[in-house]
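Here is work_10.txt, consisting of compact mmCIF, C-alpha atoms:
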# COMPACT_ATOMS: atom_id res chain seq x y z
CA MET A 26 97.74 99.75 74.26
CA ALA A 27 94.73 97.44 74.14
CA LEU A 28 92.34 97.54 77.06
CA GLU A 29 92.74 94.68 79.50
CA MET A 30 89.76 92.43 80.22
CA ARG A 31 89.51 91.71 83.93
CA PRO A 32 87.41 89.24 85.93
CA PHE A 33 84.34 90.86 87.42
CA GLY A 34 84.80 89.54 90.91
CA ARG A 35 83.72 85.91 91.30
CA THR A 36 81.05 86.01 88.55
CA GLY A 37 83.07 84.67 85.62
CA VAL A 38 82.17 87.77 83.57
CA LYS A 39 85.00 89.74 81.94
CA VAL A 40 84.82 93.52 81.80
CA SER A 41 87.11 96.17 80.38
CA SER A 42 89.62 97.70 82.78
CA ILE A 43 88.00 101.10 82.14
CA CYS A 44 84.27 101.67 82.66
CA LEU A 45 82.46 104.45 80.81
CA GLY A 46 80.41 106.50 83.26
CA ALA A 47 77.40 108.33 81.85
CA MET A 48 76.67 110.87 84.58
CA MET A 49 77.16 113.80 82.19
CA PHE A 50 74.89 112.34 79.51
CA GLY A 51 71.54 114.07 79.23
CA ALA A 52 72.88 117.08 81.14
CA LYS A 53 76.08 118.84 80.05
CA THR A 54 76.53 116.32 77.23
CA ASN A 55 73.77 116.36 74.62
CA LEU A 56 72.32 113.25 72.98
CA GLU A 57 74.41 113.32 69.80
CA ASP A 58 77.67 113.81 71.69
CA SER A 59 76.66 111.11 74.18
CA CYS A 60 76.04 108.65 71.35
CA ALA A 61 79.37 109.53 69.75
CA ILE A 62 81.24 108.92 73.03
CA VAL A 63 79.48 105.57 73.55
CA ASP A 64 80.34 104.51 69.99
CA LYS A 65 84.00 105.45 70.37
CA ALA A 66 84.20 103.78 73.79
CA LEU A 67 82.89 100.49 72.43
CA ASP A 68 85.16 100.73 69.39
CA SER A 69 88.09 101.34 71.77
CA GLY A 70 87.47 98.09 73.62
CA ILE A 71 85.29 99.25 76.49
CA ASN A 72 82.42 96.85 77.14
CA PHE A 73 81.26 98.28 80.49
CA ILE A 74 78.91 101.28 80.84
CA ASP A 75 77.63 102.65 84.14
CA THR A 76 74.75 105.07 84.71
CA ALA A 77 72.01 105.69 87.32
CA ASN A 78 68.34 106.53 87.32
CA VAL A 79 68.98 109.72 89.30
CA TYR A 80 71.44 111.17 86.77
CA SER A 81 69.44 114.04 85.25
CA ARG A 82 66.33 112.22 86.50
CA GLY A 83 66.45 109.52 83.84
CA ARG A 84 67.91 111.46 80.92
CA SER A 85 71.29 109.77 81.25
CA GLU A 86 69.68 106.33 81.01
CA GLU A 87 67.67 107.49 78.01
CA ALA A 88 70.85 108.68 76.26
CA VAL A 89 72.65 105.39 76.94
CA GLY A 90 69.63 103.41 75.78
CA GLU A 91 69.36 105.42 72.58
CA ALA A 92 73.10 105.07 71.87
CA LEU A 93 72.99 101.28 72.24
CA ALA A 94 69.80 101.05 70.18
CA ARG A 95 71.45 103.01 67.36
CA ASN A 96 74.70 101.05 67.25
CA GLY A 97 73.12 97.65 67.88
CA LYS A 98 75.79 96.69 70.45
CA ARG A 99 73.62 96.09 73.50
CA ASN A 100 74.42 92.37 73.60
CA ARG A 101 78.18 92.97 73.84
CA THR A 102 77.80 95.63 76.53
CA PHE A 103 77.87 95.00 80.28
CA LEU A 104 75.29 97.60 81.26
CA ALA A 105 75.03 98.90 84.82
CA THR A 106 72.65 101.31 86.49
CA LYS A 107 71.72 102.27 90.05
CA VAL A 108 68.74 102.99 92.28
CA HIS A 109 68.32 104.97 95.50
CA GLY A 110 68.22 108.70 94.71
CA ALA A 111 65.06 110.80 94.80
CA MET A 112 63.12 110.65 91.53
CA ASP A 113 60.34 112.96 92.73
CA ASP A 114 60.65 115.95 95.04
CA ASP A 115 57.16 115.57 96.50
CA ASP A 116 56.74 111.82 97.00
CA PRO A 117 58.79 110.45 99.94
CA ASN A 118 58.49 106.91 98.57
CA MET A 119 60.17 107.78 95.29
CA GLN A 120 63.61 107.27 96.81
CA GLY A 121 65.55 104.86 98.97
CA THR A 122 66.05 101.11 99.06
CA SER A 123 62.58 99.80 99.84
CA ARG A 124 61.04 96.97 97.82
CA ARG A 125 58.46 99.42 96.50
CA HIS A 126 61.01 101.84 95.12
CA ILE A 127 63.51 99.26 93.83
CA ILE A 128 61.01 97.25 91.79
CA GLN A 129 59.24 100.31 90.42
CA GLN A 130 62.48 102.00 89.39
CA CYS A 131 63.90 98.85 87.82
CA ASP A 132 60.97 98.79 85.41
CA GLU A 133 61.46 102.49 84.68
CA SER A 134 65.19 101.98 84.05
CA LEU A 135 64.50 99.08 81.69
CA ARG A 136 62.15 101.31 79.70
CA ARG A 137 64.61 104.21 79.51
CA LEU A 138 67.54 101.94 78.64
CA LYS A 139 65.48 100.21 75.92
CA THR A 140 66.52 96.78 77.12
CA ASP A 141 64.98 93.63 78.57
CA TRP A 142 67.64 93.17 81.26
CA ILE A 143 70.17 95.07 83.34
CA ASP A 144 73.54 93.37 83.71
CA LEU A 145 74.38 95.06 87.00
CA TYR A 146 71.81 96.74 89.26
CA GLN A 147 73.40 98.66 92.12
CA ILE A 148 72.13 100.23 95.32
CA HIS A 149 73.47 103.77 94.98
CA ARG A 150 73.87 104.41 98.72
CA PRO A 151 73.25 102.44 101.92
CA ARG A 152 70.25 103.23 104.10
CA SER A 153 70.33 102.41 107.81
CA ASP A 154 66.57 103.11 108.04
CA THR A 155 65.73 100.22 105.68
CA ALA A 156 66.19 96.56 106.55
CA ILE A 157 68.89 94.97 104.42
CA ASP A 158 66.70 91.89 103.96
CA GLU A 159 64.00 94.16 102.45
CA THR A 160 66.53 95.33 99.88
CA LEU A 161 68.14 91.96 99.17
CA ARG A 162 64.84 90.12 98.73
CA ALA A 163 63.61 92.74 96.25
CA LEU A 164 66.84 92.51 94.26
CA ASP A 165 66.71 88.73 94.36
CA ASP A 166 63.18 88.78 92.95
CA LEU A 167 64.39 90.95 90.06
CA ILE A 168 67.15 88.45 89.29
CA ARG A 169 64.72 85.52 89.40
CA ALA A 170 62.37 87.45 87.10
CA GLY A 171 65.17 87.82 84.54
CA LYS A 172 65.21 91.61 84.74
CA VAL A 173 68.62 91.81 86.44
CA ARG A 174 71.70 89.57 86.11
CA TYR A 175 73.90 90.74 89.01
CA ILE A 176 73.54 93.11 91.96
CA GLY A 177 76.02 95.46 93.60
CA SER A 178 76.43 98.38 95.95
CA SER A 179 77.95 101.85 95.90
CA THR A 180 79.68 103.75 98.70
CA TYR A 181 79.06 101.13 101.38
CA ALA A 182 81.28 100.68 104.42
CA ALA A 183 83.17 97.40 104.67
CA TYR A 184 81.09 96.23 107.63
CA GLN A 185 77.86 96.88 105.71
CA LEU A 186 79.05 94.72 102.84
CA VAL A 187 80.11 91.88 105.10
CA GLU A 188 76.74 92.08 106.85
CA SER A 189 74.93 91.97 103.49
CA ILE A 190 76.91 88.88 102.43
CA PHE A 191 76.06 86.96 105.58
CA ILE A 192 72.39 87.97 105.51
CA ALA A 193 72.14 86.93 101.84
CA LYS A 194 73.56 83.55 102.84
CA GLU A 195 71.06 83.30 105.71
CA LEU A 196 68.12 84.21 103.44
CA GLY A 197 69.28 82.14 100.47
CA THR A 198 69.25 85.18 98.17
CA HIS A 199 71.76 86.40 95.62
CA ARG A 200 74.50 88.58 97.11
CA TYR A 201 76.27 91.74 96.04
CA VAL A 202 79.08 90.93 93.62
CA CYS A 203 80.71 94.36 93.51
CA GLU A 204 81.16 97.67 95.27
CA GLN A 205 81.51 101.11 93.67
CA PRO A 206 83.46 103.34 96.07
CA PRO A 207 85.11 106.74 95.66
CA TYR A 208 88.86 106.23 95.22
CA ASN A 209 91.52 108.65 94.05
CA LEU A 210 94.83 110.22 95.02
CA LEU A 211 93.08 112.64 97.35
CA ASP A 212 90.94 110.01 99.09
CA ARG A 213 92.58 106.62 99.75
CA ARG A 214 90.38 105.50 102.66
CA ILE A 215 89.16 102.31 101.00
CA GLU A 216 92.66 100.89 101.31
CA ARG A 217 92.16 100.55 105.08
CA GLU A 218 89.34 97.98 105.12
CA LEU A 219 87.22 97.97 101.97
CA LEU A 220 89.80 96.76 99.44
CA PRO A 221 91.09 93.91 101.65
CA MET A 222 87.51 92.87 102.43
CA ALA A 223 86.56 92.86 98.74
CA GLN A 224 89.54 90.68 97.87
CA SER A 225 88.66 88.26 100.68
CA TYR A 226 85.06 87.88 99.48
CA GLY A 227 85.69 87.98 95.72
CA MET A 228 83.99 91.32 95.07
CA ALA A 229 84.76 93.51 92.07
CA ILE A 230 85.74 97.13 92.78
CA ILE A 231 84.71 99.83 90.29
CA PRO A 232 85.90 103.17 91.70
CA TRP A 233 84.02 106.37 91.01
CA SER A 234 85.66 109.80 90.82
CA PRO A 235 89.23 108.58 90.09
CA LEU A 236 90.03 112.20 89.16
CA ALA A 237 88.51 113.57 92.36
CA GLY A 238 85.75 115.44 90.60
CA GLY A 239 88.32 117.29 88.47
CA LEU A 240 90.64 118.29 91.34
CA LEU A 241 93.32 116.00 89.87
CA THR A 242 93.18 117.45 86.35
CA GLY A 243 95.47 120.40 87.03
CA LYS A 244 92.82 123.02 86.39
CA TYR A 245 92.75 124.16 90.03
CA GLN A 246 95.79 126.11 91.21
CA ARG A 247 96.72 127.33 94.68
CA GLY A 248 95.81 131.00 95.15
CA ASP A 249 93.61 131.18 92.03
CA GLU A 250 89.84 131.27 91.90
CA PRO A 251 88.28 128.07 90.51
CA PRO A 252 87.77 128.38 86.74
CA GLU A 253 84.41 129.84 85.80
CA GLY A 254 81.88 127.11 85.04
CA SER A 255 83.91 124.43 86.81
CA ARG A 256 82.36 122.19 89.45
CA PHE A 257 84.22 123.77 92.35
CA ALA A 258 83.37 127.29 91.27
CA ASP A 259 80.06 126.61 93.05
CA GLN A 260 81.08 127.50 96.60
CA THR A 261 77.49 127.36 97.84
CA ASN A 262 77.94 123.57 98.08
CA PRO A 263 79.36 122.81 101.57
CA LEU A 264 80.93 119.52 100.41
CA TYR A 265 82.78 121.34 97.64
CA ARG A 266 84.08 123.89 100.15
CA ARG A 267 85.48 121.13 102.36
CA ARG A 268 87.16 119.38 99.43
CA LEU A 269 88.82 122.54 98.10
CA ASN A 270 91.40 122.95 100.87
CA ASP A 271 95.11 123.73 101.06
CA ARG A 272 96.10 120.10 101.58
CA ILE A 273 94.84 119.10 98.12
CA TYR A 274 97.24 121.58 96.57
CA ASP A 275 100.10 119.92 98.47
CA VAL A 276 99.17 116.64 96.79
CA VAL A 277 98.65 118.14 93.33
CA GLU A 278 101.93 120.04 93.49
CA GLY A 279 103.68 116.88 94.69
CA LEU A 280 102.33 114.81 91.78
CA GLN A 281 102.79 117.35 88.97
CA PRO A 282 106.59 116.88 88.62
CA MET A 283 106.09 113.12 88.32
CA ALA A 284 103.52 113.63 85.54
CA GLU A 285 105.88 115.97 83.71
CA ALA A 286 108.77 113.53 84.04
CA LYS A 287 106.63 110.74 82.56
CA GLY A 288 105.36 113.00 79.77
CA VAL A 289 101.69 112.65 80.71
CA THR A 290 98.99 114.96 82.01
CA LEU A 291 98.16 115.07 85.71
CA SER A 292 94.77 113.51 84.98
CA GLN A 293 96.40 110.63 83.08
CA LEU A 294 98.82 110.05 85.95
CA ALA A 295 96.00 110.05 88.54
CA LEU A 296 93.71 107.77 86.54
CA GLY A 297 96.59 105.49 85.57
CA TRP A 298 97.47 105.08 89.24
CA VAL A 299 93.94 103.97 90.16
CA HIS A 300 93.82 101.70 87.10
CA GLN A 301 96.97 99.91 88.29
CA GLN A 302 96.01 99.41 91.96
CA THR A 303 95.69 95.86 93.26
CA GLY A 304 92.06 94.91 93.81
CA VAL A 305 90.65 97.50 91.38
CA THR A 306 88.55 96.08 88.54
CA SER A 307 87.54 99.09 86.43
CA PRO A 308 87.81 102.76 87.39
CA ILE A 309 84.88 104.78 86.05
CA ILE A 310 85.59 107.72 83.76
CA GLY A 311 82.90 110.35 83.27
CA PRO A 312 83.80 112.41 80.20
CA ARG A 313 81.71 115.44 79.34
CA ALA A 314 83.25 115.81 75.88
CA MET A 315 85.17 113.66 73.40
CA GLU A 316 88.42 115.46 74.23
CA GLN A 317 88.11 114.35 77.84
CA PHE A 318 87.41 110.78 76.75
CA ASP A 319 90.52 110.74 74.57
CA ASP A 320 92.64 112.13 77.42
CA ASN A 321 91.27 109.55 79.87
CA MET A 322 91.94 106.62 77.57
CA LYS A 323 95.65 107.45 77.39
CA ALA A 324 95.84 106.68 81.11
CA VAL A 325 95.87 102.93 80.44
CA GLU A 326 99.35 103.39 78.94
CA VAL A 327 100.70 104.90 82.18
CA SER A 328 102.69 102.47 84.32
CA PHE A 329 104.51 102.88 87.61
CA GLU A 330 107.78 101.42 88.82
CA ASP A 331 108.12 100.48 92.47
CA ASP A 332 110.12 103.61 93.30
CA GLU A 333 107.46 105.78 91.65
CA LEU A 334 104.75 104.14 93.74
CA ARG A 335 106.83 104.84 96.84
CA GLN A 336 107.11 108.46 95.69
CA VAL A 337 103.31 108.67 95.39
CA ASN A 338 103.00 107.26 98.92
CA ARG A 339 105.26 110.01 100.21
CA VAL A 340 102.95 112.63 98.68
CA ILE A 341 99.80 111.01 100.15
CA ARG A 342 100.04 108.02 102.47
CA ARG A 343 98.15 104.75 102.10
CA GLY A 344 94.67 105.07 103.55
CA GLU A 345 94.94 108.86 103.86
CA SER A 346 92.25 111.31 102.78
CA VAL A 347 92.74 115.04 102.30
CA ALA A 348 89.34 115.65 100.69
CA PRO A 349 86.08 113.94 101.74
CA PHE A 350 84.47 112.19 98.79
CA TYR A 351 81.34 110.81 100.36
CA GLU A 352 78.85 111.40 103.12
CA ALA A 353 77.11 108.06 103.09
CA ASP A 354 74.68 106.67 105.65
CA PHE A 355 77.01 104.65 107.86
CA GLY A 356 74.67 104.83 110.83
CA PRO A 357 73.83 102.00 113.20
CA ALA A 358 72.60 98.84 111.54
CA GLN A 359 69.66 98.53 113.90
CA TYR A 360 67.32 97.75 111.02
CA ALA A 361 69.50 95.02 109.54
CA ARG A 362 67.21 92.12 110.43
CA ARG A 363 63.58 92.30 111.46

Could I get this file's structure written as structure tokens?
Amino acid sequence: MALEMRPFGRTGVKVSSICLGAMMFGAKTNLEDSCAIVDKALDSGINFIDTANVYSRGRSEEAVGEALARNGKRNRTFLATKVHGAMDDDDPNMQGTSRRHIIQQCDESLRRLKTDWIDLYQIHRPRSDTAIDETLRALDDLIRAGKVRYIGSSTYAAYQLVESIFIAKELGTHRYVCEQPPYNLLDRRIERELLPMAQSYGMAIIPWSPLAGGLLTGKYQRGDEPPEGSRFADQTNPLYRRRLNDRIYDVVEGLQPMAEAKGVTLSQLALGWVHQQTGVTSPIIGPRAMEQFDDNMKAVEVSFEDDELRQVNRVIRRGESVAPFYEADFGPAQYARR
């Protein structure tokens, strides 16, 4: 099945209905394998690649930049990266959403990506300690300078996005055109407010972690220790401990018979479900190896009848979350306008 091209919110741009995430590049995935995955993704019809400056402290961006330089397909690629995370452990100003950090890191990302412009520049997390007008004006300057084409957010609350839209209108700056939230069959919270808000304001939605960090791949079984070397084998991480709870096994065990009946893997069922949801533009896959990429791509062939969607809703209700997939800064917006 050919990949669908979907409108990227209200921009007029068309992007593939699957986005290639590059978080593993430069870390668990070496340069040659990263380049091979990028090549196959573009040959498969993907035109949307997402990375971030904080992924392996720039090495992911370097791998993506090298891959696009080698294959000469930068012009046909909608290239996205993000800014916010700490890029230096000792300098407190090498993180966040201040003008200083955003403009400095944009130049660094352009260098690593070997490009003159970034199609989509996203704020990786909200910050209640930084005025939103500080952030929006800096991003607007980057657009006017030709370094960035569009701007977006990641893991914002619905009220923060609405606030940003109205402040952009007040300031006369460009506004966020998309949001990148966590969304999967273990965490459906964005269905409560964020998805309806995005549809009302014409924002694209590009979900991260559609496989719940691997919890929806079938590798984790009730009563067994997490596989050695897997993400959730690291029980020193308190967020991982909270995610790996009995309720997730109820969901996994409820979905597995449906996957078997459809003749697909659990991961293909889970990704296919996100891919088909109303309001979703492009779920982000983050393959570590080519085998994972191939498995993920088969998810676009998975479809759901109405009774199957009702069956999914009986396993995990609309808006329900059984595993927390973010701890963003949703604090008071007292710094919104100053």

May I ask for the distance between atom CA of Leu138 of chain A and atom CA of Val173 of chain A, given in Å to one decimal place? 12.8 Å

Residues proximal to (88.9, 90.7, 98.1) were defined as those with any atom within 12 Å of that point in the file's coordinates, counting all atoms listed in the file. Which are they, as JSON, numbers by chain? {"A": [33, 34, 35, 183, 186, 187, 202, 203, 204, 215, 216, 218, 219, 220, 221, 222, 223, 224, 225, 226, 227, 228, 229, 230, 303, 304, 305, 306]}

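The smallest atom-to-atom distance between Pro206 of chain A and any of A:Ala61, A:Leu291, A:Ile309, A:Ile192, using only C-alpha atoms, is found for A:Ile309.
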
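With distances restricted to all atoms listed in the file, A:Lys172 is the closest residue to Asp132 of chain A from A:Lys172, A:Lys323, A:Arg152, A:Arg84.
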
Show me as a ChimeraX atom specification the residues that reach within 10 Å of (62.0, 104.9, 83.1), counting only C-alpha atoms and using the file's own coordinates. /A:78,82-84,86-87,129-139

Quick one: everything within 10 Å of Thr54 of chain A, counting all atoms listed in the file, minus sequence neighbours fewer than 6 positions away in the same chain. Send it as a PyMOL selection string. chain A and resi 47-48+60+62+85+88+312-315

Residue selection dump (C-alpha atoms) as a PDB file, in the frame of the given file:
ATOM      1  CA  ALA A  47      77.400 108.330  81.850  1.00  0.00           C
ATOM      2  CA  MET A  48      76.670 110.870  84.580  1.00  0.00           C
ATOM      3  CA  CYS A  60      76.040 108.650  71.350  1.00  0.00           C
ATOM      4  CA  ILE A  62      81.240 108.920  73.030  1.00  0.00           C
ATOM      5  CA  SER A  85      71.290 109.770  81.250  1.00  0.00           C
ATOM      6  CA  ALA A  88      70.850 108.680  76.260  1.00  0.00           C
ATOM      7  CA  PRO A 312      83.800 112.410  80.200  1.00  0.00           C
ATOM      8  CA  ARG A 313      81.710 115.440  79.340  1.00  0.00           C
ATOM      9  CA  ALA A 314      83.250 115.810  75.880  1.00  0.00           C
ATOM     10  CA  MET A 315      85.170 113.660  73.400  1.00  0.00           C
TER      11      MET A 315
END

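With atom CA of Leu161 of chain A on one side and atom CA of Val108 of chain A on the other, the separation reads 13.0 Å.
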
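Take atom CA of Leu45 of chain A and atom CA of Gly97 of chain A: the distance between them is 17.3 Å.
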
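With only C-alpha atoms as the atoms that count, the residue of A:Asp320, A:Glu57, A:Asp154, A:Asp68 with the shortest distance to Glu91 of chain A is A:Glu57.
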
Here is a test: counting only C-alpha atoms, which residue of A:Tyr201, A:Phe329, A:Tyr351, A:Tyr146 is nearest to Glu188 of chain A? A:Tyr201

Using all atoms listed in the file, the shortest atom-to-atom distance to Ala170 of chain A among A:Asp116, A:Ala286, A:Gly197, A:Ile143 belongs to A:Ile143

Would you mind telling me which residue in A:Tyr245, A:Trp233, A:Trp142, A:Phe257 lies nearest to Ser179 of chain A when using only C-alpha atoms? A:Trp233
